[in-house]
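Asker: My questions all concern the structure below.
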There are 2 protein chains.
Amino acid sequence: MTKKSTLVLVAERAGVSIASVSRVLNGLPASDGVTERVREAATALGYVPSATARSLKVGKTMQIALAVADVGNPVYVAMMHEVSRVVTEAGYRLVLSSTGSDPSDQIDFLAGLNRGFADGLIMSPLRVTDELVAALQETRVPVVIIGSLPAGVEFDNVRADSAKGIGLAVKHLVKAGRERIAFINGPVDTVPGAARLAGYMRAMTKHGMPLVADMQAAASDFTYRAGLDAARELFSQSTPDAVVCANDLLAVAAMKELSTRGIRVPEQVAVIGMDDTDIAELANPSITSVDLGSVKRARAAAKLLIRRLETPDAPVEQVVIKPSLTVRESTPGAPNLTP
Amino acid sequence: MTKKSTLVLVAERAGVSIASVSRVLNGLPASDGVTERVREAATALGYVPSATARSLKVGKTMQIALAVADVGNPVYVAMMHEVSRVVTEAGYRLVLSSTGSDPSDQIDFLAGLNRGFADGLIMSPLRVTDELVAALQETRVPVVIIGSLPAGVEFDNVRADSAKGIGLAVKHLVKAGRERIAFINGPVDTVPGAARLAGYMRAMTKHGMPLVADMQAAASDFTYRAGLDAARELFSQSTPDAVVCANDLLAVAAMKELSTRGIRVPEQVAVIGMDDTDIAELANPSITSVDLGSVKRARAAAKLLIRRLETPDAPVEQVVIKPSLTVRESTPGAPNLTP
DNA sequence: AACGTTCTTGTAAACGATTACAAAGGGAAC
DNA sequence: GTTCCCTTTGTAATCGTTTACAAGAACGTT
């Protein structure tokens, strides 16, 4: 390990003042002689400026915090990855907080944010409580929210149109002639859960299909395990010819349950997932999935935050990402590779 | 957004010196009167100490950096999650760097580390070059490496015994009466790739099975896509009755290719993955996988680093995590749920 | 030669905390 | 009442930068 070395050391060795060193190293004008001596001294001493000291003085940490609810879900991983890419490119570091889905954890985290360890925050809350909103308002640094917010709450915000997304899924199934389209949702008290249920109902109604309770199940969580239970419940009470799932993990679970029951996908039951994550492609058969633009959302959120840091009083911006459908093997009318 | 407030403001309001404020807030002894007035003032002003200023003074950032090579691989996600849990509990924040697998990225990152934005680093390099080792030696903060290191390089280190892990897999297959055990590896020029190949060869020899080139394939990457190519190559040149994969993603790819060829798993070909990640369980049939203790490794690495931060000159420690086998549906002799 | 510009450079004051040190206050012991 | 000791509090230095300001140097203009 090399010794630490400070501006003072460099200044002494170069025989100039620390101000000159700072100027040279920051590219401010200086005479050739001084520039050269400082450069030489700096490299000779292996000088690296202290991030902390700089942060204290200039009031920026060059760090951006990302708070995600559920690291087990591949869609968050994909988002995280993209956020990481964008902020790194802009010269920021990424501080990750995998707060549980528990809102109180998230609130604690927000309180910590006020210590100023990051210049801004990107957050994708699963559940939005009043307390969370209040804590967000109290925050000293800019926040960008990924996901929908209660009406009247104004933050830079980027969200998916999951209702329209489900519309795409249902339309695709209707076109393929499916008539009994079921829905496996996640918890309805979450923001995406509520939105996706609403979307399902709207889409079914639009296509003149009945809304029956037997054709709907809600998993207790957006996880594979919970999805298995929900699928078991659904298929034991009704016989759909297609099932839309609020999530790719739930879709994998549905396919597993169908396989256990000896029901063939997509011939007997078509399956559609949401988020279009890696596992939709990994699954066998691969899963047709609604792409809610998670990567685009992540990218937009990161850019929004960086813009806000650069121009603090730009008007609040709300971005909506359009969904699209990635057709794979789990629905008919697709490249079906099964022999 | 609340206004920022500093020690000075609190001190003024409480009618005491900033030293007293600091002491009260840090729980150092103070008279009841002062304590109370400071408390009152602090909450009234919504005072939150500045992380940056504190860091500068005490020389600790309370941040730990984690550099992972490949965020696309679920095993790294699992590790990241566990590291996050441990460091958060110990009061540290996690700074994430998803440096590509490119060593030069990682070296840049190490150079940045010397600015002192984190108190320590956990790194799991896929490839260990001389330059990387050199850069690691130059680092001003403690580093813990997850994965094997060249002989003679001394860092706190935690690694899996993947040779023994492959041994478990082969043994399991031999017991089940399989005689033609193939191997799909990742790139051999990576640390895990090399170790796993060595383990396969050792295990095969130990069980008196021939090592034939036809029964081995190396994917260009530890990814699903690369795995598909490798599996295609393997199964077009030989007819194993079992295949060990260096990775769960590669195992999923192998199963996909087998399914495309109409070969039944596990009846005709048994499949074993490694890392025992979520997708081993999600796959259908679920995949028997060698648990290389990724979560344990992550936990051990985090604890090792925290210990090092607390006792800087403790002796270097090298932890090896024992592998185990999680038997699922992709191998016989397992709870086989297929009807 | 005196003056005004412009360019370089150094001095010193921040940023917001922690903490060594000293001073003051309050008992207890004699 | 004096001495000694312990507790409480304030003063001021410090961490390593950036940067406002001022001083000095260099140079052209008249």
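Ordering of the structure tokens sets the chain letters (A, B, ...), residue numbers begin anew at 1 in every chain, and ligands are numbered from 1 in the order given.
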Run DSSP on the backbone and give me the residues of segment 207-328 of chain B it puts in strand (DSSP E or B), as a ChimeraX atom specification.
Answerer: /B:216-218,242-245,270-274,288-291,318-321,324-326
Asker: For chain A, report every residue with an atom at most 8 Å from chain C (counting only C-alpha atoms (C1' of nucleotides)), formatted as a ChimeraX atom specification.
Answerer: /A:17,19-20,30-31,56-59
Asker: Would you mind exporting the chosen residues as an mmCIF file, in the first residue's frame, restricted to all heavy atoms?
Answerer:
```
data_model
loop_
_atom_site.group_PDB
_atom_site.id
_atom_site.type_symbol
_atom_site.label_atom_id
_atom_site.label_comp_id
_atom_site.auth_asym_id
_atom_site.auth_seq_id
_atom_site.Cartn_x
_atom_site.Cartn_y
_atom_site.Cartn_z
ATOM 1 N N SER A 17 2.530 27.041 -3.818
ATOM 2 C CA SER A 17 1.482 27.020 -2.794
ATOM 3 C C SER A 17 0.447 25.950 -3.128
ATOM 4 O O SER A 17 0.339 25.508 -4.274
ATOM 5 C CB SER A 17 0.790 28.372 -2.732
ATOM 6 O OG SER A 17 -0.062 28.512 -3.839
ATOM 7 N N ALA A 19 -2.581 26.295 -3.346
ATOM 8 C CA ALA A 19 -3.560 26.826 -4.292
ATOM 9 C C ALA A 19 -3.125 26.537 -5.715
ATOM 10 O O ALA A 19 -3.926 26.117 -6.558
ATOM 11 C CB ALA A 19 -3.735 28.324 -4.091
ATOM 12 N N SER A 20 -1.842 26.732 -5.957
ATOM 13 C CA SER A 20 -1.349 26.474 -7.303
ATOM 14 C C SER A 20 -1.489 25.001 -7.664
ATOM 15 O O SER A 20 -1.869 24.654 -8.780
ATOM 16 C CB SER A 20 0.115 26.891 -7.406
ATOM 17 O OG SER A 20 0.202 28.295 -7.309
ATOM 18 N N ALA A 30 -2.264 28.200 -15.456
ATOM 19 C CA ALA A 30 -1.053 28.332 -14.651
ATOM 20 C C ALA A 30 0.119 28.400 -15.622
ATOM 21 O O ALA A 30 0.016 27.932 -16.753
ATOM 22 C CB ALA A 30 -0.902 27.158 -13.701
ATOM 23 N N SER A 31 1.216 28.946 -15.140
ATOM 24 C CA SER A 31 2.374 29.056 -16.030
ATOM 25 C C SER A 31 2.953 27.676 -16.308
ATOM 26 O O SER A 31 2.766 26.736 -15.527
ATOM 27 C CB SER A 31 3.436 29.937 -15.380
ATOM 28 O OG SER A 31 4.027 29.239 -14.312
ATOM 29 N N LEU A 56 -16.686 17.841 0.805
ATOM 30 C CA LEU A 56 -17.049 18.786 1.864
ATOM 31 C C LEU A 56 -17.011 20.204 1.326
ATOM 32 O O LEU A 56 -17.904 21.005 1.563
ATOM 33 C CB LEU A 56 -16.080 18.646 3.035
ATOM 34 C CG LEU A 56 -16.328 19.619 4.178
ATOM 35 C CD1 LEU A 56 -17.737 19.425 4.731
ATOM 36 C CD2 LEU A 56 -15.299 19.428 5.273
ATOM 37 N N LYS A 57 -15.973 20.484 0.562
ATOM 38 C CA LYS A 57 -15.817 21.843 0.079
ATOM 39 C C LYS A 57 -16.851 22.202 -0.991
ATOM 40 O O LYS A 57 -17.469 23.264 -0.935
ATOM 41 C CB LYS A 57 -14.401 22.021 -0.496
ATOM 42 C CG LYS A 57 -14.066 23.467 -0.777
ATOM 43 C CD LYS A 57 -13.974 24.203 0.538
ATOM 44 C CE LYS A 57 -14.000 25.642 0.590
ATOM 45 N NZ LYS A 57 -14.502 26.657 -0.077
ATOM 46 N N VAL A 58 -16.994 21.351 -1.965
ATOM 47 C CA VAL A 58 -17.854 21.733 -3.082
ATOM 48 C C VAL A 58 -19.313 21.331 -2.876
ATOM 49 O O VAL A 58 -20.181 21.707 -3.672
ATOM 50 C CB VAL A 58 -17.360 21.162 -4.425
ATOM 51 C CG1 VAL A 58 -15.908 21.552 -4.646
ATOM 52 C CG2 VAL A 58 -17.534 19.670 -4.491
ATOM 53 N N GLY A 59 -19.576 20.581 -1.816
ATOM 54 C CA GLY A 59 -20.965 20.257 -1.537
ATOM 55 C C GLY A 59 -21.591 19.240 -2.463
ATOM 56 O O GLY A 59 -22.810 19.177 -2.604
#
```
Asker: Could you list, as a PyMOL selection string, the residues of chain D having an atom within 10 Å of chain A when counting only C-alpha atoms (C1' of nucleotides)?
Answerer: chain D and resi 15-19
Asker: Could you turn the residues from that selection into a file that holds N, CA and C atoms (P, O5', C5', C4', C3', O3' and C1' of nucleotides), as a JSON list (two decimals), in the first residue's frame?
Answerer:
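For reference, part_10.json as written:
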```
[["chain", "number", "residue", "atom", "x", "y", "z"],
["D", 15, "DC", "P", -4.19, 18.04, 10.14],
["D", 15, "DC", "O5'", -5.25, 17.17, 9.34],
["D", 15, "DC", "C5'", -5.88, 16.03, 9.92],
["D", 15, "DC", "C4'", -7.12, 15.72, 9.13],
["D", 15, "DC", "C3'", -6.96, 16.02, 7.64],
["D", 15, "DC", "O3'", -6.59, 14.84, 6.96],
["D", 15, "DC", "C1'", -9.06, 16.85, 8.52],
["D", 16, "DG", "P", -5.29, 14.94, 5.96],
["D", 16, "DG", "O5'", -5.93, 15.59, 4.66],
["D", 16, "DG", "C5'", -6.90, 14.87, 3.94],
["D", 16, "DG", "C4'", -7.47, 15.75, 2.87],
["D", 16, "DG", "C3'", -6.43, 16.35, 1.91],
["D", 16, "DG", "O3'", -6.94, 16.21, 0.60],
["D", 16, "DG", "C1'", -7.76, 18.04, 2.79],
["D", 17, "DT", "P", -6.04, 16.46, -0.67],
["D", 17, "DT", "O5'", -7.12, 17.04, -1.67],
["D", 17, "DT", "C5'", -7.23, 18.44, -1.84],
["D", 17, "DT", "C4'", -8.67, 18.84, -1.76],
["D", 17, "DT", "C3'", -8.99, 20.01, -2.65],
["D", 17, "DT", "O3'", -9.74, 19.55, -3.76],
["D", 17, "DT", "C1'", -9.68, 20.43, -0.38],
["D", 18, "DT", "P", -9.71, 20.44, -5.08],
["D", 18, "DT", "O5'", -10.56, 21.72, -4.64],
["D", 18, "DT", "C5'", -11.96, 21.59, -4.54],
["D", 18, "DT", "C4'", -12.55, 22.93, -4.15],
["D", 18, "DT", "C3'", -12.45, 24.01, -5.23],
["D", 18, "DT", "O3'", -13.71, 24.65, -5.24],
["D", 18, "DT", "C1'", -11.51, 24.79, -3.23],
["D", 19, "DT", "P", -14.14, 25.57, -6.43],
["D", 19, "DT", "O5'", -13.80, 27.02, -5.89],
["D", 19, "DT", "C5'", -14.43, 27.47, -4.69],
["D", 19, "DT", "C4'", -13.87, 28.82, -4.31],
["D", 19, "DT", "C3'", -13.55, 29.74, -5.48],
["D", 19, "DT", "O3'", -13.90, 31.06, -5.08],
["D", 19, "DT", "C1'", -11.69, 29.56, -4.14]]
```
Asker: To one decimal place, how far is atom CA of Gln106 of chain A from atom CA of Cys245 of chain A in Å?
Answerer: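 Value for the atom CA of Gln106 of chain A-atom CA of Cys245 of chain A distance: 27.2 Å.
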Asker: Can you work out the spacing between atom CA of Val75 of chain B and atom CA of Pro125 of chain B in Å, to one decimal?
Answerer: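 Answer for the atom CA of Val75 of chain B to atom CA of Pro125 of chain B separation: 13.4 Å.
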Asker: Using only C-alpha atoms, pick whichever of A:Asp32, A:Asp221, A:Glu82, A:Asp214 has the shortest atom-to-atom distance to chain B.
Answerer: A:Glu82
Asker: Pick out the residues sitting within 6 Å of segment 317-328 of chain A, and hand them over as number ranges by chain; count only C-alpha atoms (C1' of nucleotides), and ignore anything fewer than 6 positions along from it in its own chain.
Answerer: A: 156-160, 165, 286-292, 334
Asker: Would you save the residues of that selection, restricted to C-alpha atoms, as a PDB file, in the first residue's frame?
Answerer:
```pdb
ATOM      1  CA  ASP A 156     -39.572  13.656 -11.244  1.00  0.00           C
ATOM      2  CA  ASN A 157     -41.072  10.392 -12.184  1.00  0.00           C
ATOM      3  CA  VAL A 158     -40.875   7.679 -14.754  1.00  0.00           C
ATOM      4  CA  ARG A 159     -43.340   4.902 -15.038  1.00  0.00           C
ATOM      5  CA  ALA A 160     -44.596   2.145 -17.240  1.00  0.00           C
ATOM      6  CA  GLY A 165     -49.131  -3.519 -21.413  1.00  0.00           C
ATOM      7  CA  SER A 286     -39.573 -19.489 -23.467  1.00  0.00           C
ATOM      8  CA  ILE A 287     -42.178 -17.051 -22.275  1.00  0.00           C
ATOM      9  CA  THR A 288     -43.990 -14.383 -24.248  1.00  0.00           C
ATOM     10  CA  SER A 289     -43.670 -11.328 -22.078  1.00  0.00           C
ATOM     11  CA  VAL A 290     -44.853  -7.753 -21.911  1.00  0.00           C
ATOM     12  CA  ASP A 291     -41.849  -5.531 -22.032  1.00  0.00           C
ATOM     13  CA  LEU A 292     -42.629  -2.703 -19.665  1.00  0.00           C
ATOM     14  CA  ALA A 334     -45.047 -17.479 -32.309  1.00  0.00           C
TER      15      ALA A 334
END
```
Asker: Would you mind reading off the distance between atom CA of Asp102 of chain A and atom CA of Ile272 of chain A, one decimal, in Å?
Answerer: 28.6 Å
Asker: Can you tell me, as a compact mmCIF listing (two decimals) with N, CA, C and O atoms, in the first residue's frame, what residues are no more than 10 Å from Ile166 of chain B when counting only C-alpha atoms (C1' of nucleotides), ignoring any on the same chain fewer than 2 positions away?
Answerer:
```
# COMPACT_ATOMS: atom_id res chain seq x y z
N ASP B 161 -14.48 -24.41 -2.93
CA ASP B 161 -13.68 -25.53 -3.39
C ASP B 161 -14.44 -26.16 -4.56
O ASP B 161 -15.17 -27.12 -4.41
N SER B 162 -14.26 -25.55 -5.73
CA SER B 162 -15.11 -26.01 -6.82
C SER B 162 -14.67 -27.36 -7.35
O SER B 162 -15.47 -28.12 -7.87
N ALA B 163 -13.41 -27.71 -7.15
CA ALA B 163 -12.97 -29.05 -7.54
C ALA B 163 -13.75 -30.09 -6.75
O ALA B 163 -14.35 -31.02 -7.31
N LYS B 164 -13.76 -29.91 -5.46
CA LYS B 164 -14.52 -30.84 -4.63
C LYS B 164 -16.01 -30.80 -5.01
O LYS B 164 -16.70 -31.83 -5.01
N LEU B 168 -18.49 -33.87 -6.02
CA LEU B 168 -19.81 -34.26 -5.52
C LEU B 168 -20.76 -34.59 -6.65
O LEU B 168 -21.51 -35.57 -6.61
N ALA B 169 -20.71 -33.73 -7.67
CA ALA B 169 -21.62 -33.91 -8.81
C ALA B 169 -21.33 -35.23 -9.51
O ALA B 169 -22.24 -36.04 -9.77
N VAL B 170 -20.06 -35.46 -9.79
CA VAL B 170 -19.68 -36.68 -10.51
C VAL B 170 -20.04 -37.92 -9.69
O VAL B 170 -20.60 -38.89 -10.20
N LYS B 171 -19.74 -37.85 -8.41
CA LYS B 171 -20.04 -38.97 -7.53
C LYS B 171 -21.54 -39.30 -7.55
O LYS B 171 -21.94 -40.46 -7.65
N HIS B 172 -22.33 -38.25 -7.46
CA HIS B 172 -23.78 -38.41 -7.48
C HIS B 172 -24.22 -39.12 -8.76
O HIS B 172 -25.07 -40.02 -8.74
N PHE B 183 -19.05 -32.59 -19.74
CA PHE B 183 -18.79 -31.37 -18.98
C PHE B 183 -18.92 -30.16 -19.89
O PHE B 183 -18.28 -30.10 -20.95
N ALA B 195 -10.53 -23.71 -12.61
CA ALA B 195 -10.70 -24.56 -11.44
C ALA B 195 -11.71 -25.67 -11.71
O ALA B 195 -11.52 -26.81 -11.30
N ARG B 196 -12.76 -25.33 -12.44
CA ARG B 196 -13.81 -26.33 -12.65
C ARG B 196 -13.36 -27.41 -13.62
O ARG B 196 -13.69 -28.59 -13.45
N LEU B 197 -12.60 -27.00 -14.58
CA LEU B 197 -12.07 -28.00 -15.51
C LEU B 197 -11.15 -28.96 -14.76
O LEU B 197 -11.27 -30.19 -14.89
N ALA B 198 -10.27 -28.40 -13.95
CA ALA B 198 -9.37 -29.25 -13.18
C ALA B 198 -10.17 -30.21 -12.30
O ALA B 198 -9.85 -31.41 -12.21
N GLY B 199 -11.22 -29.69 -11.69
CA GLY B 199 -12.04 -30.52 -10.82
C GLY B 199 -12.71 -31.65 -11.60
O GLY B 199 -12.75 -32.80 -11.13
N TYR B 200 -13.19 -31.35 -12.77
CA TYR B 200 -13.85 -32.37 -13.59
C TYR B 200 -12.86 -33.48 -13.93
O TYR B 200 -13.14 -34.67 -13.78
N MET B 201 -11.67 -33.05 -14.34
CA MET B 201 -10.69 -34.05 -14.74
C MET B 201 -10.30 -34.92 -13.55
O MET B 201 -10.24 -36.15 -13.66
N ARG B 202 -10.10 -34.29 -12.44
CA ARG B 202 -9.72 -35.05 -11.26
C ARG B 202 -10.81 -36.05 -10.86
O ARG B 202 -10.54 -37.22 -10.58
N ALA B 203 -12.04 -35.58 -10.88
CA ALA B 203 -13.15 -36.43 -10.44
C ALA B 203 -13.33 -37.61 -11.40
O ALA B 203 -13.56 -38.74 -10.96
N MET B 204 -13.23 -37.34 -12.67
CA MET B 204 -13.41 -38.41 -13.65
C MET B 204 -12.33 -39.48 -13.46
O MET B 204 -12.63 -40.67 -13.41
N VAL B 244 -22.38 -32.34 -16.60
CA VAL B 244 -22.13 -31.41 -15.51
C VAL B 244 -21.83 -30.05 -16.13
O VAL B 244 -21.05 -29.96 -17.08
N CYS B 245 -22.46 -29.02 -15.62
CA CYS B 245 -22.27 -27.68 -16.20
C CYS B 245 -21.61 -26.78 -15.16
O CYS B 245 -21.93 -26.86 -13.97
N ALA B 246 -20.75 -25.91 -15.63
CA ALA B 246 -19.94 -25.10 -14.73
C ALA B 246 -20.76 -24.01 -14.05
O ALA B 246 -20.21 -23.21 -13.28
N ILE B 272 -26.53 -31.50 -14.22
CA ILE B 272 -26.18 -30.86 -12.94
C ILE B 272 -25.59 -29.48 -13.22
O ILE B 272 -24.77 -29.31 -14.11
N GLY B 273 -26.05 -28.52 -12.46
CA GLY B 273 -25.52 -27.17 -12.59
C GLY B 273 -24.59 -26.85 -11.43
O GLY B 273 -24.32 -27.69 -10.59
N MET B 274 -24.13 -25.61 -11.40
CA MET B 274 -23.33 -25.17 -10.26
C MET B 274 -23.73 -23.76 -9.84
O MET B 274 -24.11 -22.95 -10.70
N SER B 289 -27.99 -28.98 -8.35
CA SER B 289 -26.91 -28.01 -8.50
C SER B 289 -25.91 -28.11 -7.36
O SER B 289 -26.28 -28.41 -6.22
N VAL B 290 -24.67 -27.88 -7.69
CA VAL B 290 -23.63 -27.87 -6.67
C VAL B 290 -23.66 -26.51 -5.99
O VAL B 290 -23.46 -25.48 -6.63
N LEU B 292 -21.98 -23.95 -4.22
CA LEU B 292 -20.60 -23.57 -3.90
C LEU B 292 -20.56 -22.56 -2.76
O LEU B 292 -19.56 -21.89 -2.52
N PRO B 323 -18.37 -27.11 -0.40
CA PRO B 323 -19.51 -27.23 -1.30
C PRO B 323 -20.49 -28.31 -0.81
O PRO B 323 -20.13 -29.13 0.01
N SER B 324 -21.69 -28.24 -1.32
CA SER B 324 -22.64 -29.32 -1.05
C SER B 324 -23.52 -29.48 -2.28
O SER B 324 -23.50 -28.64 -3.18
N LEU B 325 -24.28 -30.55 -2.31
CA LEU B 325 -25.07 -30.81 -3.51
C LEU B 325 -26.55 -30.68 -3.19
O LEU B 325 -27.04 -31.28 -2.23
```
